[in-house]
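Colleague: This is the content of model-v4.cif (mmCIF, N, CA and C atoms):
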```cif
data_model
#
loop_
_atom_site.label_atom_id
_atom_site.label_comp_id
_atom_site.auth_asym_id
_atom_site.auth_seq_id
_atom_site.Cartn_x
_atom_site.Cartn_y
_atom_site.Cartn_z
N TRP K 13 3.40 -17.50 -24.17
CA TRP K 13 2.11 -18.03 -23.78
C TRP K 13 1.81 -17.59 -22.36
N ARG K 14 0.60 -17.11 -22.16
CA ARG K 14 0.20 -16.62 -20.84
C ARG K 14 -1.05 -17.33 -20.42
N ASP K 15 -1.08 -17.71 -19.18
CA ASP K 15 -2.24 -18.36 -18.59
C ASP K 15 -3.24 -17.28 -18.18
N VAL K 16 -4.47 -17.38 -18.65
CA VAL K 16 -5.50 -16.39 -18.32
C VAL K 16 -5.76 -16.36 -16.82
N ASN K 17 -5.70 -17.50 -16.17
CA ASN K 17 -5.92 -17.55 -14.72
C ASN K 17 -4.84 -16.78 -13.97
N SER K 18 -3.59 -16.90 -14.40
CA SER K 18 -2.52 -16.15 -13.72
C SER K 18 -2.67 -14.65 -13.96
N ASP K 19 -3.16 -14.25 -15.13
CA ASP K 19 -3.42 -12.83 -15.38
C ASP K 19 -4.51 -12.32 -14.45
N ASN K 20 -5.54 -13.12 -14.21
CA ASN K 20 -6.61 -12.73 -13.30
C ASN K 20 -6.10 -12.59 -11.88
N ILE K 21 -5.23 -13.49 -11.46
CA ILE K 21 -4.66 -13.43 -10.11
C ILE K 21 -3.83 -12.16 -9.96
N ILE K 22 -3.02 -11.85 -10.96
CA ILE K 22 -2.19 -10.64 -10.91
C ILE K 22 -3.07 -9.40 -10.88
N PHE K 23 -4.17 -9.40 -11.65
CA PHE K 23 -5.10 -8.27 -11.64
C PHE K 23 -5.70 -8.08 -10.25
N VAL K 24 -6.11 -9.18 -9.62
CA VAL K 24 -6.69 -9.11 -8.27
C VAL K 24 -5.66 -8.58 -7.28
N LEU K 25 -4.43 -9.06 -7.36
CA LEU K 25 -3.37 -8.61 -6.45
C LEU K 25 -3.07 -7.13 -6.64
N LEU K 26 -2.99 -6.68 -7.88
CA LEU K 26 -2.74 -5.26 -8.13
C LEU K 26 -3.89 -4.40 -7.64
N THR K 27 -5.11 -4.88 -7.80
CA THR K 27 -6.28 -4.14 -7.31
C THR K 27 -6.25 -4.04 -5.80
N GLU K 28 -5.92 -5.13 -5.12
CA GLU K 28 -5.81 -5.10 -3.66
C GLU K 28 -4.70 -4.15 -3.22
N MET K 29 -3.59 -4.14 -3.95
CA MET K 29 -2.49 -3.24 -3.61
C MET K 29 -2.90 -1.78 -3.80
N GLU K 30 -3.63 -1.49 -4.87
CA GLU K 30 -4.11 -0.13 -5.10
C GLU K 30 -5.08 0.30 -4.00
N ASN K 31 -5.95 -0.61 -3.56
CA ASN K 31 -6.88 -0.29 -2.47
C ASN K 31 -6.13 -0.02 -1.17
N LEU K 32 -5.13 -0.84 -0.86
CA LEU K 32 -4.35 -0.66 0.36
C LEU K 32 -3.60 0.66 0.34
N THR K 33 -2.93 0.95 -0.75
CA THR K 33 -2.15 2.18 -0.81
C THR K 33 -3.04 3.42 -0.80
N ALA K 34 -4.24 3.32 -1.34
CA ALA K 34 -5.19 4.44 -1.28
C ALA K 34 -5.60 4.69 0.17
N ARG K 35 -5.82 3.62 0.95
CA ARG K 35 -6.17 3.79 2.37
C ARG K 35 -4.99 4.34 3.16
N MET K 36 -3.78 4.14 2.66
CA MET K 36 -2.58 4.68 3.31
C MET K 36 -2.27 6.08 2.81
N CYS K 37 -3.15 6.62 1.98
CA CYS K 37 -3.03 7.98 1.43
C CYS K 37 -1.88 8.11 0.44
N TRP K 38 -1.45 7.02 -0.16
CA TRP K 38 -0.41 7.09 -1.18
C TRP K 38 -1.06 7.37 -2.53
N GLU K 39 -0.41 8.14 -3.36
CA GLU K 39 -0.91 8.49 -4.69
C GLU K 39 -0.22 7.62 -5.73
N LEU K 40 -1.02 6.99 -6.59
CA LEU K 40 -0.47 6.21 -7.69
C LEU K 40 0.04 7.17 -8.75
N VAL K 41 1.35 7.20 -8.94
CA VAL K 41 1.98 8.14 -9.86
C VAL K 41 1.98 7.57 -11.28
N ARG K 42 2.35 6.31 -11.39
CA ARG K 42 2.45 5.70 -12.72
C ARG K 42 2.39 4.19 -12.60
N LYS K 43 1.73 3.58 -13.58
CA LYS K 43 1.67 2.12 -13.63
C LYS K 43 1.84 1.69 -15.07
N GLU K 44 2.78 0.79 -15.27
CA GLU K 44 3.01 0.19 -16.58
C GLU K 44 3.11 -1.31 -16.40
N GLY K 45 2.17 -2.02 -16.97
CA GLY K 45 2.17 -3.47 -16.81
C GLY K 45 2.04 -3.84 -15.35
N TYR K 46 3.02 -4.56 -14.84
CA TYR K 46 2.98 -5.02 -13.45
C TYR K 46 3.83 -4.15 -12.53
N ILE K 47 4.30 -3.02 -13.02
CA ILE K 47 5.14 -2.14 -12.21
C ILE K 47 4.37 -0.87 -11.90
N ALA K 48 4.39 -0.48 -10.62
CA ALA K 48 3.68 0.73 -10.20
C ALA K 48 4.58 1.55 -9.28
N ILE K 49 4.40 2.86 -9.35
CA ILE K 49 5.14 3.79 -8.50
C ILE K 49 4.13 4.63 -7.73
N TRP K 50 4.29 4.64 -6.40
CA TRP K 50 3.41 5.42 -5.54
C TRP K 50 4.19 6.54 -4.87
N ARG K 51 3.47 7.60 -4.53
CA ARG K 51 4.06 8.73 -3.81
C ARG K 51 3.37 8.83 -2.45
N LYS K 52 4.19 8.85 -1.40
CA LYS K 52 3.66 9.04 -0.06
C LYS K 52 3.30 10.51 0.14
N PRO K 53 2.30 10.79 0.99
CA PRO K 53 1.90 12.19 1.20
C PRO K 53 3.01 12.98 1.89
N VAL K 54 2.99 14.29 1.65
CA VAL K 54 4.01 15.15 2.24
C VAL K 54 3.64 15.59 3.66
N ASN K 55 2.38 15.41 4.04
CA ASN K 55 1.98 15.76 5.41
C ASN K 55 0.90 14.77 5.88
N ASN K 56 0.43 14.94 7.10
CA ASN K 56 -0.51 13.99 7.69
C ASN K 56 -1.97 14.34 7.51
N SER K 57 -2.30 15.35 6.71
CA SER K 57 -3.69 15.80 6.61
C SER K 57 -4.61 14.68 6.11
N CYS K 58 -4.18 13.91 5.15
CA CYS K 58 -5.01 12.82 4.65
C CYS K 58 -5.24 11.78 5.73
N TYR K 59 -4.20 11.45 6.48
CA TYR K 59 -4.32 10.46 7.56
C TYR K 59 -5.31 10.94 8.62
N LEU K 60 -5.23 12.20 8.96
CA LEU K 60 -6.07 12.73 10.02
C LEU K 60 -7.53 12.82 9.60
N ASP K 61 -7.80 12.89 8.30
CA ASP K 61 -9.17 12.96 7.80
C ASP K 61 -9.80 11.58 7.60
N ARG K 62 -9.03 10.52 7.76
CA ARG K 62 -9.57 9.17 7.56
C ARG K 62 -10.52 8.80 8.68
N ASP K 63 -11.47 7.93 8.37
CA ASP K 63 -12.35 7.37 9.38
C ASP K 63 -11.53 6.49 10.31
N SER K 64 -11.87 6.45 11.58
CA SER K 64 -11.08 5.69 12.55
C SER K 64 -11.11 4.18 12.30
N ALA K 65 -12.10 3.71 11.53
CA ALA K 65 -12.21 2.27 11.25
C ALA K 65 -11.39 1.83 10.04
N VAL K 66 -10.76 2.78 9.35
CA VAL K 66 -9.98 2.44 8.15
C VAL K 66 -8.73 1.68 8.56
N HIS K 67 -8.42 0.63 7.81
CA HIS K 67 -7.22 -0.16 8.06
C HIS K 67 -6.27 0.00 6.89
N PRO K 68 -4.98 -0.01 7.08
CA PRO K 68 -4.30 -0.22 8.36
C PRO K 68 -4.42 1.02 9.24
N PRO K 69 -4.46 0.78 10.56
CA PRO K 69 -4.56 1.90 11.49
C PRO K 69 -3.26 2.69 11.53
N LEU K 70 -3.36 3.91 12.00
CA LEU K 70 -2.17 4.74 12.16
C LEU K 70 -1.38 4.29 13.38
N CYS K 71 -0.11 4.51 13.35
CA CYS K 71 0.74 4.21 14.50
C CYS K 71 0.48 5.24 15.61
N GLU K 72 0.75 4.84 16.81
CA GLU K 72 0.68 5.77 17.93
C GLU K 72 1.83 6.76 17.81
N SER K 73 1.64 7.95 18.32
CA SER K 73 2.68 8.97 18.20
C SER K 73 3.96 8.60 18.94
N ASN K 74 3.86 7.72 19.94
CA ASN K 74 5.04 7.34 20.71
C ASN K 74 5.70 6.07 20.17
N ASP K 75 5.21 5.52 19.05
CA ASP K 75 5.82 4.33 18.45
C ASP K 75 7.17 4.69 17.85
N ASP K 76 8.13 3.81 18.05
CA ASP K 76 9.46 3.99 17.49
C ASP K 76 9.49 3.36 16.09
N PRO K 77 9.66 4.13 15.02
CA PRO K 77 9.63 3.57 13.67
C PRO K 77 10.75 2.56 13.41
N ASP K 78 11.82 2.61 14.19
CA ASP K 78 12.91 1.67 14.00
C ASP K 78 12.73 0.39 14.79
N ASP K 79 11.72 0.34 15.63
CA ASP K 79 11.50 -0.83 16.49
C ASP K 79 11.02 -2.05 15.71
N VAL K 80 10.49 -1.86 14.52
CA VAL K 80 9.94 -2.98 13.75
C VAL K 80 11.01 -3.99 13.36
N TRP K 81 12.25 -3.56 13.30
CA TRP K 81 13.31 -4.46 12.89
C TRP K 81 13.57 -5.55 13.91
N TYR K 82 13.11 -5.35 15.12
CA TYR K 82 13.42 -6.31 16.17
C TYR K 82 12.17 -7.04 16.68
N ASP K 83 11.02 -6.85 16.06
CA ASP K 83 9.79 -7.53 16.43
C ASP K 83 9.68 -8.85 15.67
N LEU K 84 9.21 -9.87 16.36
CA LEU K 84 8.99 -11.15 15.70
C LEU K 84 7.73 -11.06 14.86
N LEU K 85 7.73 -11.74 13.73
CA LEU K 85 6.55 -11.76 12.86
C LEU K 85 5.55 -12.77 13.36
#
```
Now that the file is in, can you turn its structure into structure tokens?
Modeller:
Amino acid sequence: WRDVNSDNIIFVLLTEMENLTARMCWELVRKEGYIAIWRKPVNNSCYLDRDSAVHPPLCESNDDPDDVWYDLL
């Protein structure tokens, strides 16, 4: 038995995830049910072509990618 409301919530969440990953230039490779696989781009060309107002914003070139482990949420 499945609740129609929970299916709608999952659909909305998956749609939001697809929108976010598209803005991050990730390619949706495959989706089956509630499982999806994305591929990150091999270069920065897509990022550089984005409008500056697109979120999430790009990191600064001097940002340390390992620094996130020690930042408070």
Colleague: Could you write out as a PyMOL selection string the residues that the PyMOL selection byres ((chain K and resi 37) around 7) matches in the shown file?
Modeller: chain K and resi 32-36+38-39+51-53+58-59
Colleague: Produce a file of the selected residues containing N, CA and C atoms, as a compact mmCIF listing (two decimals), keeping the file's coordinate frame.
Modeller:
```
# COMPACT_ATOMS: atom_id res chain seq x y z
N LEU K 32 -5.13 -0.84 -0.86
CA LEU K 32 -4.35 -0.66 0.36
C LEU K 32 -3.60 0.66 0.34
N THR K 33 -2.93 0.95 -0.75
CA THR K 33 -2.15 2.18 -0.81
C THR K 33 -3.04 3.42 -0.80
N ALA K 34 -4.24 3.32 -1.34
CA ALA K 34 -5.19 4.44 -1.28
C ALA K 34 -5.60 4.69 0.17
N ARG K 35 -5.82 3.62 0.95
CA ARG K 35 -6.17 3.79 2.37
C ARG K 35 -4.99 4.34 3.16
N MET K 36 -3.78 4.14 2.66
CA MET K 36 -2.58 4.68 3.31
C MET K 36 -2.27 6.08 2.81
N TRP K 38 -1.45 7.02 -0.16
CA TRP K 38 -0.41 7.09 -1.18
C TRP K 38 -1.06 7.37 -2.53
N GLU K 39 -0.41 8.14 -3.36
CA GLU K 39 -0.91 8.49 -4.69
C GLU K 39 -0.22 7.62 -5.73
N ARG K 51 3.47 7.60 -4.53
CA ARG K 51 4.06 8.73 -3.81
C ARG K 51 3.37 8.83 -2.45
N LYS K 52 4.19 8.85 -1.40
CA LYS K 52 3.66 9.04 -0.06
C LYS K 52 3.30 10.51 0.14
N PRO K 53 2.30 10.79 0.99
CA PRO K 53 1.90 12.19 1.20
C PRO K 53 3.01 12.98 1.89
N CYS K 58 -4.18 13.91 5.15
CA CYS K 58 -5.01 12.82 4.65
C CYS K 58 -5.24 11.78 5.73
N TYR K 59 -4.20 11.45 6.48
CA TYR K 59 -4.32 10.46 7.56
C TYR K 59 -5.31 10.94 8.62
```
Colleague: Can you measure atom C of K:Asp63 to atom CA of K:Ile22 for me? One decimal in Å is fine.
Modeller: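 Atom-to-atom, atom C of K:Asp63 to atom CA of K:Ile22, that is 28.8 Å.
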Colleague: Calculate how many Å separate atom N of K:Gly45 from atom N of K:Pro69, rounding to one decimal.
Modeller: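 Between atom N of K:Gly45 and atom N of K:Pro69 the gap is 28.5 Å.
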Colleague: As an exercise, work out the distance from atom CA of K:Val41 to atom CA of K:Met29 in Å and give it to one decimal place.
Modeller: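 Spanning atom CA of K:Val41 to atom CA of K:Met29 is a straight-line distance of 13.7 Å.
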Colleague: Just asking: which residues within chain K are strand (DSSP E or B) according to DSSP, as an NGL selection string?
Modeller: :K and (39-44 or 47-51)
